[in-house]
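Below is one structure, written out as structure tokens, with a few remarks after it.
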Amino acid sequence: MNELERAKKHLESWLDAELAVSTGQSYRIGTRQLTRARISDIRKQITFWKREVNRLQGKGSRKVFRAVPRDF
């Protein structure tokens with residue numbers, strides 16, 4: 001698995017986590033309780049991984065060109 005595929009997989013996982021949290025922050029089954037991560041932390045990770053995917057795909061990267069003016 002290359003870096004781009006890994007970054008896309010992380011992004012997809014965090015998007016799934018955001019969807020899960022949107023349906024409820026915590027739930028209880030019998031005596032056990034599960035509390036999910038905070039939505040603000042999840043959104044920070046989504047932003048990070050979106051940037052990583054874009055960077056690895058070459059999107060949004062700045063290209064610098066140097067021009068030397070010449071008088072012929």
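The chains in the structure tokens are called A, B, ... from first to last as shown; in each chain the residues are counted from 1, and the ligands are counted from 1 in the order shown.
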
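Residues in contact range of region 5-20 of chain A, defined as at most 8 Å between only C-alpha atoms, with sequence neighbours fewer than 5 positions away removed, read Ile39, Ile42, Arg43, Gln45, Ile46, Trp49, Lys50, Glu52 and Val53 of chain A.
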
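Restricting the calculation to only C-alpha atoms, the smallest distance between Ser40 (chain A) and any of A:Ser22, A:Tyr27, A:Leu56, A:Asn2 is found for A:Ser22.
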
Item to check | DSSP-assigned strand (DSSP E) among chain A, expressed as a ChimeraX atom specification | outcome: /A:26-29,32-35

Selected residues, N, CA and C atoms, written as an mmCIF file, in the first residue's frame, please.
data_model
loop_
_atom_site.group_PDB
_atom_site.id
_atom_site.type_symbol
_atom_site.label_atom_id
_atom_site.label_comp_id
_atom_site.auth_asym_id
_atom_site.auth_seq_id
_atom_site.Cartn_x
_atom_site.Cartn_y
_atom_site.Cartn_z
ATOM 1 N N SER A 26 -22.800 8.621 22.588
ATOM 2 C CA SER A 26 -22.504 7.446 23.396
ATOM 3 C C SER A 26 -23.729 6.542 23.457
ATOM 4 N N TYR A 27 -23.481 5.292 23.786
ATOM 5 C CA TYR A 27 -24.592 4.372 23.971
ATOM 6 C C TYR A 27 -24.204 3.303 24.976
ATOM 7 N N ARG A 28 -25.214 2.627 25.480
ATOM 8 C CA ARG A 28 -25.012 1.630 26.528
ATOM 9 C C ARG A 28 -25.671 0.319 26.094
ATOM 10 N N ILE A 29 -24.939 -0.763 26.340
ATOM 11 C CA ILE A 29 -25.480 -2.104 26.123
ATOM 12 C C ILE A 29 -25.287 -2.854 27.431
ATOM 13 N N ARG A 32 -22.285 -2.126 29.919
ATOM 14 C CA ARG A 32 -21.160 -1.525 29.199
ATOM 15 C C ARG A 32 -21.591 -0.260 28.483
ATOM 16 N N GLN A 33 -20.701 0.724 28.472
ATOM 17 C CA GLN A 33 -21.000 1.989 27.805
ATOM 18 C C GLN A 33 -19.843 2.366 26.888
ATOM 19 N N LEU A 34 -20.178 2.876 25.709
ATOM 20 C CA LEU A 34 -19.187 3.347 24.743
ATOM 21 C C LEU A 34 -19.403 4.835 24.515
ATOM 22 N N THR A 35 -18.346 5.616 24.658
ATOM 23 C CA THR A 35 -18.398 7.044 24.368
ATOM 24 C C THR A 35 -17.438 7.314 23.225
#
